[in-house]
Amino acid sequence: MSTSWLVTGARGQLGHDLLAVLADRPGDRVTAVGRAEVDLTDEAAVRGCVREWLRGAAGPAVLVNAAAYTAVDDAETDRDTAALVNAAAPGWLAEEMAGAGRLVHVSTDYVFDGQATRPYPVDAPTAPRSVYGQTKAAGERAVAAAGGDATTVRTAWVYGRHGGNFVRTMLRLEAERPTVSVVTDQVGSPTWSLDLARGLVALGGRAEPAPPVLHCTNTGAVSWWELARAVFALRGADPERVLPTTTDAFPRPAPRPAWSVLDTSAWTAAGLPAPRDWHSALSEALRSW
């Protein structure tokens with residue numbers, strides 16, 4: 001039986017890869033919407049989009065919400081917009097999908113305080129320190145409150161071929177500068193958006209419901225400095241050109257988590273494809289680009 005998919009945030013880096021993965025599912029019907037098609041700050045537009053799609057859906061209906069207000073620093077002063085996109089809109093989507101199909105909602109490590117020393121399990125208390133994290137945590141609560149077949153998937157340190165991200169920035173700086181300074185005191189799990197997209201599609205397309213909250217990242221933990229060195233090395237550049245520094249040397253409006261490592265054991269326990277390690281994913285990503 002074919003599945004009908006609705007992908008929000010389809011023009012973003014994750015959205016691009018979701019559409020690429022879904023293109024390999026012959027017979028499925030995919031509807032892609034970005035900011036041009038639906039304004040996530042407009043409740044009537046959001047609900048109308050989902051209702052119209054559901055009316056034409058054939059077979060199981062799966063909505064993957066890859067849309068978000070991700071400008072972490074801007075959110076500190078643009079709280080109202082961030083709250084609409086990250087907190088209110090997921091709730092509207094979840095309410096429309098409850099009883100009608102499955103919702104897969106993408107969230108973030110920023111819902112935690114970033115002060116841990118071991119990977120965060122799915123049931124760890126949320127304690128966001130930034131407006132971005134606070135609005136994403138509110139979005140998680142709105143999805144849970146709506147009920148239905150819905151799973152929030154937290155991820156971290158996502159990079160891809162499309163859009164702005166750390167890996168693409170390092171590739172550009174390697175070509176432009178003799179050296180680059182990168183922080184050593186923020187640690188996370190670099191996650192290729194294509195691997196994440198494959199996982200989200202596997203989750204959305206499975207027959208049985210999934211747990212309400214899961215974590216999906218590539219495995220392993222490194223600092224931004226170590227990741228930058230790996231990017232340089234894989235490009236054939238000298239990793240010694242990447243110089244260590246600290247977060248204090250780069251003050252930003254929004255606090256960054258010092259620890260962004262998520263425990264993915266619940267993901268594999270749910271029977272979903274085991275994530276691979278971050279370095280092998282990065283190697284393949286850079287070769288494919």
# chains A, B, ... in the order shown; residues from 1 in each chain; ligands from 1
call {"tool": "residues_around", "arguments": {"residues": "Tyr120 of chain A", "least_positions_apart": "2", "cutoff": "7 Å", "atoms": "only C-alpha atoms", "output": "PDB file with C-alpha atoms, in the first residue's frame"}}
result
ATOM      1  CA  ARG A 118      27.071  11.493  29.555  1.00  0.00           C
ATOM      2  CA  VAL A 122      15.025  10.430  25.974  1.00  0.00           C
ATOM      3  CA  ALA A 124      16.068  13.314  30.765  1.00  0.00           C
ATOM      4  CA  VAL A 261      25.425  14.222  22.992  1.00  0.00           C
ATOM      5  CA  LEU A 262      22.123  12.320  22.804  1.00  0.00           C
ATOM      6  CA  ASP A 263      21.573   8.697  23.823  1.00  0.00           C
TER       7      ASP A 263
END
call {"tool": "closest_atom_pairs", "arguments": {"of": "segment 197-280 of chain A", "to": "segment 24-36 of chain A", "cutoff": "12 Å", "atoms": "only C-alpha atoms", "output": "CSV"}}
result
residue,atom,partner,partner_atom,distance
A:Arg198,CA,A:Asp24,CA,10.7
A:Val201,CA,A:Arg25,CA,9.9
A:Ala202,CA,A:Arg25,CA,11.0
A:Gly205,CA,A:Arg25,CA,10.2
call {"tool": "write_last_selection", "arguments": {"atoms": "C-alpha atoms", "output": "short mmCIF file (atom, residue, chain, number, x, y, z; two decimals), in the first residue's frame"}}
result
data_model
loop_
_atom_site.label_atom_id
_atom_site.label_comp_id
_atom_site.auth_asym_id
_atom_site.auth_seq_id
_atom_site.Cartn_x
_atom_site.Cartn_y
_atom_site.Cartn_z
CA ARG A 198 16.72 8.08 6.15
CA VAL A 201 11.49 8.07 6.72
CA ALA A 202 12.04 4.62 8.26
CA GLY A 205 6.89 4.38 7.13
#
call {"tool": "select_by_dssp", "arguments": {"residues": "segment 26-208 of chain A", "states": "strand (DSSP E or B)", "output": "JSON list (two decimals) with C-alpha atoms, in the first residue's frame"}}
result
[["chain", "number", "residue", "atom", "x", "y", "z"],
["A", 29, "ARG", "CA", 2.88, 10.28, -2.93],
["A", 30, "VAL", "CA", 4.94, 13.21, -1.60],
["A", 31, "THR", "CA", 3.76, 16.77, -1.00],
["A", 32, "ALA", "CA", 6.52, 19.25, -0.18],
["A", 33, "VAL", "CA", 5.82, 22.64, 1.38],
["A", 61, "ALA", "CA", -0.74, 9.59, 5.88],
["A", 62, "VAL", "CA", 2.59, 10.70, 7.36],
["A", 63, "LEU", "CA", 3.57, 14.30, 8.09],
["A", 64, "VAL", "CA", 7.25, 15.00, 8.74],
["A", 65, "ASN", "CA", 7.72, 18.42, 10.31],
["A", 102, "ARG", "CA", 1.24, 9.91, 11.81],
["A", 103, "LEU", "CA", 3.32, 12.95, 12.77],
["A", 104, "VAL", "CA", 7.12, 12.86, 12.94],
["A", 105, "HIS", "CA", 8.30, 16.10, 14.56],
["A", 106, "VAL", "CA", 11.97, 17.09, 14.56],
["A", 107, "SER", "CA", 13.39, 18.70, 17.70],
["A", 108, "THR", "CA", 16.82, 19.51, 19.11],
["A", 120, "TYR", "CA", 21.09, 12.48, 27.41],
["A", 149, "ASP", "CA", 0.32, 8.77, 16.57],
["A", 150, "ALA", "CA", 3.12, 11.30, 17.01],
["A", 151, "THR", "CA", 6.84, 11.00, 17.71],
["A", 152, "THR", "CA", 9.25, 13.80, 18.51],
["A", 153, "VAL", "CA", 12.75, 13.05, 17.24],
["A", 154, "ARG", "CA", 15.55, 15.07, 18.79],
["A", 155, "THR", "CA", 18.76, 15.46, 16.85],
["A", 158, "VAL", "CA", 23.09, 18.57, 11.73],
["A", 159, "TYR", "CA", 24.97, 19.36, 8.54],
["A", 180, "VAL", "CA", 40.71, 29.12, 11.60],
["A", 181, "SER", "CA", 39.98, 29.14, 15.35],
["A", 182, "VAL", "CA", 37.33, 26.71, 16.63],
["A", 183, "VAL", "CA", 36.06, 26.02, 20.15],
["A", 187, "VAL", "CA", 30.94, 18.60, 22.45],
["A", 188, "GLY", "CA", 28.31, 16.84, 20.35],
["A", 191, "THR", "CA", 24.86, 14.27, 12.19],
["A", 192, "TRP", "CA", 24.62, 14.07, 8.39]]
call {"tool": "closest_residue", "arguments": {"among": "A:Leu196, A:Gly101, A:Arg47, A:Trp259", "to": "Thr3 of chain A", "atoms": "only C-alpha atoms"}}
result
A:Gly101
call {"tool": "closest_residue", "arguments": {"among": "A:Trp157, A:Glu176, A:Phe232, A:Pro211", "to": "Trp278 of chain A", "atoms": "only C-alpha atoms"}}
result
A:Trp157
call {"tool": "closest_residue", "arguments": {"among": "A:Asp78, A:Asp113, A:Asp73, A:Asp17", "to": "Ala127 of chain A", "atoms": "only C-alpha atoms"}}
result
A:Asp113
call {"tool": "closest_residue", "arguments": {"among": "A:Asp238, A:Asp109, A:Glu52, A:Glu37", "to": "Met97 of chain A", "atoms": "only C-alpha atoms"}}
result
A:Glu52
call {"tool": "atom_distance", "arguments": {"atom1": "atom CA of Ala66 of chain A", "atom2": "atom CA of Pro209 of chain A"}}
result
19.3 Å
call {"tool": "residues_around", "arguments": {"residues": "Trp225 of chain A", "least_positions_apart": "3", "cutoff": "9 Å", "atoms": "only C-alpha atoms", "output": "number ranges by chain"}}
result
A: 181-186, 222, 228-230, 242-245
call {"tool": "write_last_selection", "arguments": {"atoms": "C-alpha atoms", "output": "CSV table (one decimal), in the first residue's frame"}}
result
chain,number,residue,atom,x,y,z
A,181,SER,CA,40.0,29.1,15.4
A,182,VAL,CA,37.3,26.7,16.6
A,183,VAL,CA,36.1,26.0,20.1
A,184,THR,CA,37.1,22.9,22.0
A,185,ASP,CA,34.7,23.2,24.9
A,186,GLN,CA,31.4,22.3,23.1
A,222,VAL,CA,33.7,15.3,19.4
A,228,ALA,CA,36.8,21.0,11.9
A,229,ARG,CA,40.1,19.1,12.0
A,230,ALA,CA,38.4,16.1,10.5
A,242,VAL,CA,42.6,24.6,12.9
A,243,LEU,CA,43.5,26.3,16.1
A,244,PRO,CA,41.8,25.6,19.5
A,245,THR,CA,39.9,28.3,21.3
call {"tool": "select_by_dssp", "arguments": {"residues": "segment 53-197 of chain A", "states": "alpha helix (DSSP H)", "output": "MDAnalysis selection string"}}
result
chainID A and resid 53:56 79:83 89:97 131:146 166:176 193:197
call {"tool": "closest_residue", "arguments": {"among": "A:Leu171, A:Leu93, A:Ala281, A:Leu194", "to": "Ala20 of chain A", "atoms": "only C-alpha atoms"}}
result
A:Leu194
call {"tool": "closest_residue", "arguments": {"among": "A:Tyr132, A:Thr41, A:Ala75, A:Arg51", "to": "Ala89 of chain A", "atoms": "only C-alpha atoms"}}
result
A:Thr41
call {"tool": "residues_around", "arguments": {"residues": "Gln115 of chain A", "least_positions_apart": "3", "cutoff": "9 Å", "atoms": "only C-alpha atoms", "output": "list of chain:residue names"}}
result
A:Phe112, A:Pro257, A:Ala258, A:Trp259, A:Ser260
call {"tool": "write_last_selection", "arguments": {"atoms": "C-alpha atoms", "output": "PDB file, in the first residue's frame"}}
result
ATOM      1  CA  PHE A 112      18.529  20.317  27.481  1.00  0.00           C
ATOM      2  CA  PRO A 257      25.229  23.887  25.072  1.00  0.00           C
ATOM      3  CA  ALA A 258      28.591  22.605  26.256  1.00  0.00           C
ATOM      4  CA  TRP A 259      27.314  19.011  25.895  1.00  0.00           C
ATOM      5  CA  SER A 260      25.049  18.002  23.005  1.00  0.00           C
TER       6      SER A 260
END
